[in-house]
>>> print(open('run23.cif').read())   # mmCIF, C-alpha atoms and all ligand atoms
data_my_file
#
loop_
_atom_site.label_atom_id
_atom_site.label_comp_id
_atom_site.auth_asym_id
_atom_site.auth_seq_id
_atom_site.Cartn_x
_atom_site.Cartn_y
_atom_site.Cartn_z
CA MET A 1 -18.38 11.44 21.98
CA ASN A 2 -15.45 12.24 19.72
CA ASN A 3 -16.53 12.48 16.09
CA ARG A 4 -13.32 13.79 14.63
CA PRO A 5 -12.07 12.11 11.43
CA LYS A 6 -9.88 9.05 11.94
CA ARG A 7 -6.19 10.02 11.99
CA VAL A 8 -3.36 8.21 10.15
CA ALA A 9 0.40 8.68 10.43
CA ALA A 10 1.63 7.88 6.90
CA ILE A 11 5.33 6.93 6.85
CA HIS A 12 6.25 7.03 3.15
CA ASP A 13 8.48 9.00 0.80
CA LEU A 14 7.45 12.21 -0.91
CA SER A 15 8.14 11.99 -4.64
CA GLY A 16 7.56 15.31 -6.39
CA PHE A 17 6.77 14.03 -9.88
CA GLY A 18 5.14 10.82 -11.08
CA ARG A 19 2.10 10.54 -8.82
CA CYS A 20 3.13 7.99 -6.22
CA SER A 21 3.63 7.64 -2.45
CA LEU A 22 2.63 10.68 -0.33
CA SER A 23 1.67 12.67 -3.45
CA VAL A 24 -1.27 10.27 -3.96
CA ILE A 25 -1.76 8.95 -0.41
CA LEU A 26 -2.61 12.40 0.99
CA PRO A 27 -5.40 13.32 -1.47
CA THR A 28 -6.81 9.79 -1.54
CA LEU A 29 -7.26 9.42 2.22
CA SER A 30 -8.42 13.02 2.62
CA ALA A 31 -11.11 12.45 -0.01
CA MET A 32 -12.31 9.50 2.07
CA GLY A 33 -12.69 11.72 5.12
CA VAL A 34 -9.55 10.49 6.89
CA GLN A 35 -6.92 12.86 8.31
CA VAL A 36 -3.40 12.09 7.09
CA CYS A 37 -0.27 13.21 8.94
CA PRO A 38 2.63 12.63 6.54
CA VAL A 39 5.92 11.42 8.01
CA PRO A 40 8.26 11.61 5.00
CA THR A 41 11.00 8.96 4.88
CA ALA A 42 12.79 10.68 1.99
CA ILE A 43 12.21 13.44 -0.52
CA LEU A 44 12.72 12.63 -4.18
CA SER A 45 12.39 14.74 -7.30
CA SER A 46 10.38 11.87 -8.85
CA HIS A 47 9.77 8.15 -8.40
CA THR A 48 12.59 5.79 -9.37
CA GLY A 49 10.76 4.13 -12.26
CA GLY A 50 12.66 5.22 -15.36
CA LEU A 51 12.83 9.02 -15.06
CA GLY A 52 16.62 9.27 -15.08
CA GLU A 53 18.86 10.57 -12.29
CA VAL A 54 16.58 11.21 -9.34
CA GLU A 55 17.42 13.79 -6.63
CA PHE A 56 17.11 11.91 -3.33
CA ARG A 57 17.34 13.29 0.23
CA ASP A 58 17.19 10.75 2.99
CA LEU A 59 15.12 11.73 6.06
CA THR A 60 16.12 8.88 8.39
CA SER A 61 17.01 11.32 11.17
CA PHE A 62 13.55 12.91 10.99
CA ILE A 63 11.26 10.00 11.88
CA VAL A 64 11.98 9.39 15.61
CA PRO A 65 12.11 13.12 16.55
CA CYS A 66 8.79 13.48 14.70
CA LEU A 67 7.35 10.58 16.74
CA ASN A 68 8.70 12.16 19.96
CA HIS A 69 6.98 15.42 19.11
CA TYR A 70 3.66 13.63 18.60
CA LYS A 71 4.14 11.78 21.90
CA SER A 72 4.85 15.05 23.71
CA LEU A 73 1.58 16.43 22.31
CA GLY A 74 -0.32 13.34 23.48
CA LEU A 75 -1.60 12.87 19.92
CA GLU A 76 -3.68 9.81 19.17
CA PHE A 77 -3.60 7.90 15.88
CA GLU A 78 -6.13 5.30 14.76
CA CYS A 79 -3.74 3.97 12.10
CA ILE A 80 -0.02 3.82 11.38
CA TYR A 81 0.60 3.16 7.68
CA SER A 82 4.12 2.54 6.34
CA GLY A 83 5.34 2.19 2.76
CA PHE A 84 8.43 3.08 0.75
CA LEU A 85 11.46 3.37 3.04
CA GLY A 86 14.71 5.14 2.28
CA SER A 87 17.17 3.20 4.46
CA GLN A 88 17.51 0.10 6.64
CA GLU A 89 17.40 2.05 9.93
CA GLN A 90 13.99 3.38 8.96
CA ILE A 91 12.61 -0.10 9.61
CA ASP A 92 13.55 0.33 13.31
CA HIS A 93 11.97 3.76 13.31
CA CYS A 94 8.72 2.45 11.85
CA LEU A 95 8.75 -0.31 14.49
CA GLU A 96 8.97 2.41 17.15
CA PHE A 97 5.91 4.08 15.67
CA PHE A 98 3.97 0.79 15.62
CA HIS A 99 5.03 -0.06 19.21
CA THR A 100 4.07 3.40 20.48
CA TYR A 101 0.57 3.20 19.01
CA GLN A 102 -0.27 -0.43 19.87
CA ASP A 103 -4.02 0.06 19.46
CA ALA A 104 -3.76 1.70 16.04
CA LEU A 105 -4.46 -0.32 12.90
CA ALA A 106 -0.96 -1.24 11.64
CA VAL A 107 -0.87 -1.16 7.84
CA VAL A 108 2.38 -2.17 6.12
CA ASP A 109 2.66 -1.79 2.37
CA PRO A 110 5.89 -3.74 1.89
CA VAL A 111 7.07 -1.65 -1.07
CA MET A 112 10.12 -3.40 -2.55
CA GLY A 113 9.60 -3.98 -6.25
CA ASP A 114 7.32 -4.85 -9.14
CA HIS A 115 7.23 -7.03 -12.27
CA GLY A 116 9.56 -9.58 -10.61
CA LYS A 117 12.30 -7.03 -9.84
CA ALA A 118 13.38 -5.00 -6.79
CA TYR A 119 13.26 -1.18 -6.95
CA ARG A 120 16.69 0.41 -7.43
CA THR A 121 17.05 1.79 -3.91
CA TYR A 122 15.98 -1.43 -2.13
CA THR A 123 19.08 -3.28 -0.96
CA GLU A 124 19.11 -6.98 -0.10
CA ALA A 125 19.49 -6.06 3.60
CA MET A 126 16.40 -3.84 3.49
CA ARG A 127 14.38 -6.51 1.76
CA SER A 128 15.29 -9.16 4.31
CA ARG A 129 14.46 -6.86 7.25
CA LEU A 130 11.06 -5.88 5.93
CA GLY A 131 9.74 -9.11 7.45
CA GLU A 132 10.08 -7.46 10.88
CA LEU A 133 7.48 -4.87 9.89
CA VAL A 134 5.20 -7.52 8.41
CA GLN A 135 5.32 -9.35 11.78
CA VAL A 136 3.75 -6.42 13.64
CA ALA A 137 1.26 -5.52 10.88
CA ASP A 138 -2.51 -6.03 11.00
CA VAL A 139 -2.81 -5.47 7.24
CA ILE A 140 -0.28 -6.02 4.43
CA THR A 141 -0.71 -5.18 0.75
CA PRO A 142 2.14 -6.68 -1.29
CA ASN A 143 1.97 -7.02 -5.06
CA LEU A 144 2.88 -10.49 -6.36
CA THR A 145 6.60 -9.57 -6.64
CA GLU A 146 6.68 -8.40 -3.02
CA ALA A 147 4.65 -11.42 -1.82
CA CYS A 148 7.28 -13.75 -3.35
CA MET A 149 10.11 -11.69 -1.83
CA LEU A 150 8.50 -11.86 1.64
CA LEU A 151 8.11 -15.63 1.33
CA LYS A 152 11.67 -15.93 -0.06
CA ILE A 153 10.48 -17.85 -3.11
CA PRO A 154 11.25 -17.17 -6.79
CA TYR A 155 8.86 -14.86 -8.64
CA ILE A 156 5.88 -16.79 -10.03
CA SER A 157 5.51 -15.68 -13.65
CA GLN A 158 2.78 -18.09 -14.79
CA GLY A 159 -0.91 -17.84 -13.82
CA LEU A 160 -1.86 -19.03 -10.33
CA SER A 161 -4.57 -21.56 -9.53
CA ARG A 162 -7.03 -20.62 -6.77
CA THR A 163 -5.35 -23.18 -4.50
CA GLN A 164 -1.93 -21.60 -5.14
CA ALA A 165 -3.28 -18.11 -4.46
CA LYS A 166 -4.84 -19.28 -1.17
CA SER A 167 -1.62 -20.96 -0.17
CA LEU A 168 0.39 -17.74 -0.75
CA LEU A 169 -2.15 -15.76 1.29
CA ALA A 170 -2.11 -18.27 4.15
CA GLN A 171 1.70 -18.34 4.24
CA LEU A 172 1.81 -14.53 4.38
CA GLY A 173 -0.79 -14.61 7.16
CA GLU A 174 1.49 -16.94 9.13
CA LEU A 175 4.14 -14.18 9.11
CA GLY A 176 1.83 -12.12 11.38
CA PRO A 177 -0.89 -9.96 9.77
CA ASN A 178 -4.59 -10.71 10.11
CA TYR A 179 -5.46 -9.25 6.71
CA VAL A 180 -3.38 -10.02 3.62
CA VAL A 181 -4.15 -8.59 0.18
CA ILE A 182 -1.99 -9.48 -2.84
CA THR A 183 -2.52 -7.13 -5.77
CA GLY A 184 -2.19 -7.76 -9.49
CA VAL A 185 -2.18 -11.56 -9.40
CA PRO A 186 -2.31 -13.24 -12.85
CA MET A 187 -4.72 -16.17 -12.43
CA ALA A 188 -4.53 -19.43 -14.39
CA SER A 189 -7.99 -18.57 -15.80
CA GLY A 190 -6.36 -15.67 -17.68
CA SER A 191 -7.73 -12.84 -15.51
CA ILE A 192 -5.79 -10.49 -13.23
CA ALA A 193 -7.17 -10.30 -9.71
CA ASN A 194 -6.65 -8.85 -6.26
CA VAL A 195 -6.89 -11.62 -3.68
CA GLY A 196 -7.34 -11.31 0.08
CA TYR A 197 -7.33 -13.31 3.30
CA ASP A 198 -9.03 -12.58 6.61
CA LYS A 199 -7.17 -14.86 9.01
CA GLN A 200 -9.46 -14.41 12.00
CA ASN A 201 -12.55 -15.38 9.98
CA ASN A 202 -10.62 -17.86 7.82
CA SER A 203 -12.10 -16.37 4.64
CA TYR A 204 -10.42 -15.89 1.26
CA TRP A 205 -11.68 -13.35 -1.30
CA ILE A 206 -11.09 -12.51 -4.94
CA VAL A 207 -11.87 -9.33 -6.87
CA PRO A 208 -11.17 -9.68 -10.62
CA CYS A 209 -9.74 -6.64 -12.43
CA ASP A 210 -10.52 -5.51 -15.99
CA TYR A 211 -7.37 -5.89 -18.07
CA VAL A 212 -5.79 -2.69 -19.41
CA PRO A 213 -2.52 -3.25 -21.34
CA VAL A 214 -0.45 -0.67 -19.43
CA SER A 215 1.08 -0.29 -16.00
CA TYR A 216 1.48 2.96 -14.05
CA PRO A 217 3.56 3.77 -10.96
CA GLY A 218 1.69 4.65 -7.79
CA THR A 219 -1.33 2.41 -8.33
CA GLY A 220 -0.21 0.17 -5.45
CA ASP A 221 -0.07 3.24 -3.18
CA ILE A 222 -3.57 4.32 -4.24
CA PHE A 223 -4.91 0.78 -3.74
CA ALA A 224 -3.42 0.46 -0.23
CA SER A 225 -4.70 3.94 0.69
CA VAL A 226 -8.29 3.24 -0.40
CA LEU A 227 -8.15 -0.12 1.40
CA THR A 228 -6.91 1.62 4.56
CA GLY A 229 -9.52 4.38 4.25
CA GLY A 230 -12.17 1.68 3.81
CA PHE A 231 -11.10 -0.15 6.96
CA LEU A 232 -11.08 3.11 8.92
CA THR A 233 -14.59 3.98 7.80
CA GLY A 234 -16.18 0.62 8.58
CA ASP A 235 -15.62 -1.63 5.55
CA SER A 236 -15.18 -5.40 5.78
CA LEU A 237 -12.15 -6.83 3.95
CA PRO A 238 -14.01 -7.77 0.71
CA ILE A 239 -15.83 -4.42 0.60
CA ALA A 240 -12.57 -2.49 1.14
CA MET A 241 -10.93 -4.61 -1.59
CA GLY A 242 -13.88 -3.99 -3.93
CA ARG A 243 -13.73 -0.26 -3.26
CA ALA A 244 -9.96 -0.04 -3.82
CA THR A 245 -10.09 -2.18 -6.97
CA TYR A 246 -12.92 -0.10 -8.47
CA PHE A 247 -11.12 3.17 -7.81
CA VAL A 248 -7.71 2.09 -9.13
CA GLU A 249 -9.38 0.64 -12.23
CA GLN A 250 -11.19 3.94 -12.88
CA CYS A 251 -7.90 5.85 -12.51
CA ILE A 252 -6.15 3.48 -14.93
CA LYS A 253 -8.94 3.47 -17.55
CA THR A 254 -9.28 7.26 -17.53
CA THR A 255 -5.53 7.77 -17.83
CA PHE A 256 -5.17 5.13 -20.56
CA SER A 257 -7.72 6.99 -22.69
CA TYR A 258 -5.34 10.00 -22.82
CA SER A 259 -2.36 7.90 -24.08
CA THR A 260 0.02 9.74 -21.74
CA ASP A 261 3.55 8.70 -20.80
CA THR A 262 2.96 5.90 -18.27
CA ARG A 263 5.85 7.16 -16.11
CA HIS A 264 3.72 10.21 -15.24
CA GLY A 265 1.31 8.03 -13.26
CA VAL A 266 -2.50 8.02 -13.21
CA MET A 267 -4.74 11.09 -13.43
CA LEU A 268 -5.87 10.96 -9.84
CA GLU A 269 -7.07 14.56 -10.08
CA LYS A 270 -9.82 13.56 -12.52
CA GLU A 271 -11.10 10.69 -10.39
CA LEU A 272 -10.88 11.76 -6.74
CA ALA A 273 -14.55 12.78 -6.62
CA VAL A 274 -15.48 9.14 -7.34
CA LEU A 275 -14.25 8.24 -3.84
CA GLY A 276 -17.03 10.33 -2.29
CA ASN A 277 -19.61 7.86 -3.67
CA ARG A 278 -19.61 5.01 -1.16
CA CYS A 279 -21.49 2.76 -3.64
CA ASN A 280 -18.61 2.43 -6.10
CA ILE A 281 -17.44 -1.07 -5.23
CA LYS A 282 -16.21 -3.79 -7.58
CA GLY A 283 -17.85 -7.21 -7.16
CA TYR A 284 -16.12 -9.67 -4.87
CA SER A 285 -16.55 -13.37 -4.29
CA LEU A 286 -15.09 -16.12 -2.14
CA LEU A 287 -11.77 -17.43 -3.48
O1 LIG B 1 4.86 3.50 -5.72
C1 LIG B 1 5.94 2.93 -5.09
C2 LIG B 1 7.11 3.88 -5.03
C3 LIG B 1 7.22 4.72 -3.96
N1 LIG B 1 8.25 5.59 -3.84
C4 LIG B 1 9.20 5.66 -4.81
C5 LIG B 1 9.14 4.84 -5.92
C6 LIG B 1 8.08 3.93 -6.04
C7 LIG B 1 7.99 3.08 -7.22
O2 LIG B 1 8.65 3.23 -8.20
O3 LIG B 1 10.09 4.93 -6.85
C8 LIG B 1 10.31 6.65 -4.66
#
>>> encode(input="run23.cif", output="structure tokens", more="lines below")
Ligand code: PXL
Amino acid sequence: MNNRPKRVAAIHDLSGFGRCSLSVILPTLSAMGVQVCPVPTAILSSHTGGLGEVEFRDLTSFIVPCLNHYKSLGLEFECIYSGFLGSQEQIDHCLEFFHTYQDALAVVDPVMGDHGKAYRTYTEAMRSRLGELVQVADVITPNLTEACMLLKIPYISQGLSRTQAKSLLAQLGELGPNYVVITGVPMASGSIANVGYDKQNNSYWIVPCDYVPVSYPGTGDIFASVLTGGFLTGDSLPIAMGRATYFVEQCIKTTFSYSTDTRHGVMLEKELAVLGNRCNIKGYSLL
């Protein structure tokens, strides 16, 4: 019997300042007892959300040689998890990773934008090719902006009915993945919720979030990481969603109480221990 921790290859950027991407993915998954092998797509001095001129080094030429090294070692991965990409070719390189490890859980966080707008470095060509990654994914975790981009529909700025939310989830499921979670969805009832779809079991789920009047970078990365860690340690979809929602909410509420500059991200350091308690799960219900 092999009882080693589950192993994830995490193909994301490394942003030095601002608490996003690999800077938060590594500690989050490690705290959940999952081994993370970072495959950096780019190195940045900070995230691109309003911190001025960012130093950016593209690592496109690194990804395939890194994969080849792992293949030569005969390394096994239980999950391949992709996120922020630095160039269009990196989509092909991620596809190579997913094709090499066919049995691994394929998690694609289709990082492209937020609040109805694309991130600065995401070109139109990159956005249109991201669908190829979604096709091979088992799990996708777009926010509402990214969900609309993937479906090639205008950003929905008014609250969604339950029927509309289900329809978006089902349409995203038709693109390929078995599990779809859309984060930060404003509902017509006035609440903000994370909504999910398990295609195989034809079940739709909703986890309402407590409203906090601020937004921090990196919370999508933390959410997707806790969701992934949950799946790898035996959670069902609604339990993984409840766990990820609870943890991100704790991070946001703690950080908000300090009135810090939102561009600095959430105080993950203060909350990581919470992940060790497997009972911390936000309530979920059928959508
Ligand atoms: O959290 C998403 C993300 C990842 N990587 C970089 C970013 C952002 C969001 O702003 O700028 C470099």
>>> residues_around(input="run23.cif", residues="stretch 167-174 of chain A", least_positions_apart="2", cutoff="12 Å", atoms="all atoms listed in the file", output="PyMOL selection string")
chain A and resi 110+131+134-153+155-156+160-165+176-183+185+194-200+202-206+287
>>> closest_residue(input="run23.cif", among="A:Pro213, A:Gly113, A:Gly83, A:Pro208", to="A:Ile281", atoms="all atoms listed in the file")
A:Pro208
>>> atom_distance(input="run23.cif", atom1="atom CA of A:Thr262", atom2="atom CA of A:Ser45")
17.0 Å
>>> closest_residue(input="run23.cif", among="A:Asn201, A:Ser61, A:Ser189, A:Ser215", to="ligand LIG 1 (chain B)", atoms="all atoms listed in the file")
A:Ser215
>>> closest_residue(input="run23.cif", among="A:Ser236, A:Thr100, A:Thr48, A:Ser23", to="ligand LIG 1 (chain B)", atoms="only C-alpha atoms and all ligand atoms")
A:Thr48
>>> closest_atom_pairs(input="run23.cif", of="chain A", to="ligand LIG 1 (chain B)", cutoff="10 Å", atoms="only C-alpha atoms and all ligand atoms", output="JSON lines")
{"residue": "A:His12", "atom": "CA", "partner": "B:LIG1", "partner_atom": "N1", "distance": 7.4}
{"residue": "A:Asp13", "atom": "CA", "partner": "B:LIG1", "partner_atom": "N1", "distance": 5.8}
{"residue": "A:Leu14", "atom": "CA", "partner": "B:LIG1", "partner_atom": "N1", "distance": 7.3}
{"residue": "A:Ser15", "atom": "CA", "partner": "B:LIG1", "partner_atom": "C8", "distance": 5.8}
{"residue": "A:Gly16", "atom": "CA", "partner": "B:LIG1", "partner_atom": "C8", "distance": 9.2}
{"residue": "A:Phe17", "atom": "CA", "partner": "B:LIG1", "partner_atom": "C8", "distance": 9.7}
{"residue": "A:Gly18", "atom": "CA", "partner": "B:LIG1", "partner_atom": "O3", "distance": 8.8}
{"residue": "A:Arg19", "atom": "CA", "partner": "B:LIG1", "partner_atom": "O1", "distance": 8.2}
{"residue": "A:Cys20", "atom": "CA", "partner": "B:LIG1", "partner_atom": "O1", "distance": 4.8}
{"residue": "A:Ser21", "atom": "CA", "partner": "B:LIG1", "partner_atom": "C3", "distance": 4.9}
{"residue": "A:Leu22", "atom": "CA", "partner": "B:LIG1", "partner_atom": "C3", "distance": 8.4}
{"residue": "A:Ser23", "atom": "CA", "partner": "B:LIG1", "partner_atom": "N1", "distance": 9.7}
{"residue": "A:Val24", "atom": "CA", "partner": "B:LIG1", "partner_atom": "O1", "distance": 9.3}
{"residue": "A:Thr41", "atom": "CA", "partner": "B:LIG1", "partner_atom": "N1", "distance": 9.7}
{"residue": "A:Ala42", "atom": "CA", "partner": "B:LIG1", "partner_atom": "C8", "distance": 8.2}
{"residue": "A:Ile43", "atom": "CA", "partner": "B:LIG1", "partner_atom": "C8", "distance": 8.2}
{"residue": "A:Leu44", "atom": "CA", "partner": "B:LIG1", "partner_atom": "C8", "distance": 6.5}
{"residue": "A:Ser45", "atom": "CA", "partner": "B:LIG1", "partner_atom": "C8", "distance": 8.8}
{"residue": "A:Ser46", "atom": "CA", "partner": "B:LIG1", "partner_atom": "C8", "distance": 6.7}
{"residue": "A:His47", "atom": "CA", "partner": "B:LIG1", "partner_atom": "O3", "distance": 3.6}
{"residue": "A:Thr48", "atom": "CA", "partner": "B:LIG1", "partner_atom": "O3", "distance": 3.7}
{"residue": "A:Gly49", "atom": "CA", "partner": "B:LIG1", "partner_atom": "O2", "distance": 4.7}
{"residue": "A:Gly50", "atom": "CA", "partner": "B:LIG1", "partner_atom": "O2", "distance": 8.4}
{"residue": "A:Leu51", "atom": "CA", "partner": "B:LIG1", "partner_atom": "O3", "distance": 9.6}
{"residue": "A:Val54", "atom": "CA", "partner": "B:LIG1", "partner_atom": "C8", "distance": 9.1}
{"residue": "A:Phe56", "atom": "CA", "partner": "B:LIG1", "partner_atom": "C8", "distance": 8.7}
{"residue": "A:Gly83", "atom": "CA", "partner": "B:LIG1", "partner_atom": "C3", "distance": 7.4}
{"residue": "A:Phe84", "atom": "CA", "partner": "B:LIG1", "partner_atom": "C3", "distance": 5.1}
{"residue": "A:Leu85", "atom": "CA", "partner": "B:LIG1", "partner_atom": "N1", "distance": 7.9}
{"residue": "A:Gly86", "atom": "CA", "partner": "B:LIG1", "partner_atom": "C8", "distance": 8.4}
{"residue": "A:Asp109", "atom": "CA", "partner": "B:LIG1", "partner_atom": "C1", "distance": 9.4}
{"residue": "A:Pro110", "atom": "CA", "partner": "B:LIG1", "partner_atom": "C1", "distance": 9.7}
{"residue": "A:Val111", "atom": "CA", "partner": "B:LIG1", "partner_atom": "C1", "distance": 6.2}
{"residue": "A:Met112", "atom": "CA", "partner": "B:LIG1", "partner_atom": "C1", "distance": 8.0}
{"residue": "A:Gly113", "atom": "CA", "partner": "B:LIG1", "partner_atom": "C7", "distance": 7.3}
{"residue": "A:Asp114", "atom": "CA", "partner": "B:LIG1", "partner_atom": "C7", "distance": 8.2}
{"residue": "A:Ala118", "atom": "CA", "partner": "B:LIG1", "partner_atom": "O2", "distance": 9.6}
{"residue": "A:Tyr119", "atom": "CA", "partner": "B:LIG1", "partner_atom": "O2", "distance": 6.5}
{"residue": "A:Arg120", "atom": "CA", "partner": "B:LIG1", "partner_atom": "O3", "distance": 8.0}
{"residue": "A:Thr121", "atom": "CA", "partner": "B:LIG1", "partner_atom": "O3", "distance": 8.2}
{"residue": "A:Tyr122", "atom": "CA", "partner": "B:LIG1", "partner_atom": "O3", "distance": 9.9}
{"residue": "A:Tyr216", "atom": "CA", "partner": "B:LIG1", "partner_atom": "O1", "distance": 9.0}
{"residue": "A:Pro217", "atom": "CA", "partner": "B:LIG1", "partner_atom": "O1", "distance": 5.4}
{"residue": "A:Gly218", "atom": "CA", "partner": "B:LIG1", "partner_atom": "O1", "distance": 4.0}
{"residue": "A:Thr219", "atom": "CA", "partner": "B:LIG1", "partner_atom": "O1", "distance": 6.8}
{"residue": "A:Gly220", "atom": "CA", "partner": "B:LIG1", "partner_atom": "O1", "distance": 6.1}
{"residue": "A:Asp221", "atom": "CA", "partner": "B:LIG1", "partner_atom": "O1", "distance": 5.6}
{"residue": "A:Ile222", "atom": "CA", "partner": "B:LIG1", "partner_atom": "O1", "distance": 8.6}
{"residue": "A:Arg263", "atom": "CA", "partner": "B:LIG1", "partner_atom": "O2", "distance": 9.3}
{"residue": "A:Gly265", "atom": "CA", "partner": "B:LIG1", "partner_atom": "O1", "distance": 9.5}
>>> atom_distance(input="run23.cif", atom1="atom CA of A:Val64", atom2="atom CA of A:Ser87")
13.8 Å
>>> atom_distance(input="run23.cif", atom1="atom CA of A:Tyr284", atom2="atom CA of A:Ser225")
18.6 Å
>>> residues_around(input="run23.cif", residues="A:Ile239", least_positions_apart="4", cutoff="12 Å", atoms="all atoms listed in the file", output="ChimeraX atom specification")
/A:196,205-207,226-231,233-235,243-246,278-285
>>> closest_residue(input="run23.cif", among="A:Leu286, A:Leu237, A:Ala193, A:Leu272", to="A:Leu26", atoms="all atoms listed in the file")
A:Leu272
>>> axis_aligned_box(input="run23.cif", around="stretch 248-258 of chain A", padding_each_side="4 Å", output="AutoDock Vina command-line options")
--center_x -8.2 --center_y 5.3 --center_z -16.0 --size_x 14.0 --size_y 17.4 --size_z 21.7
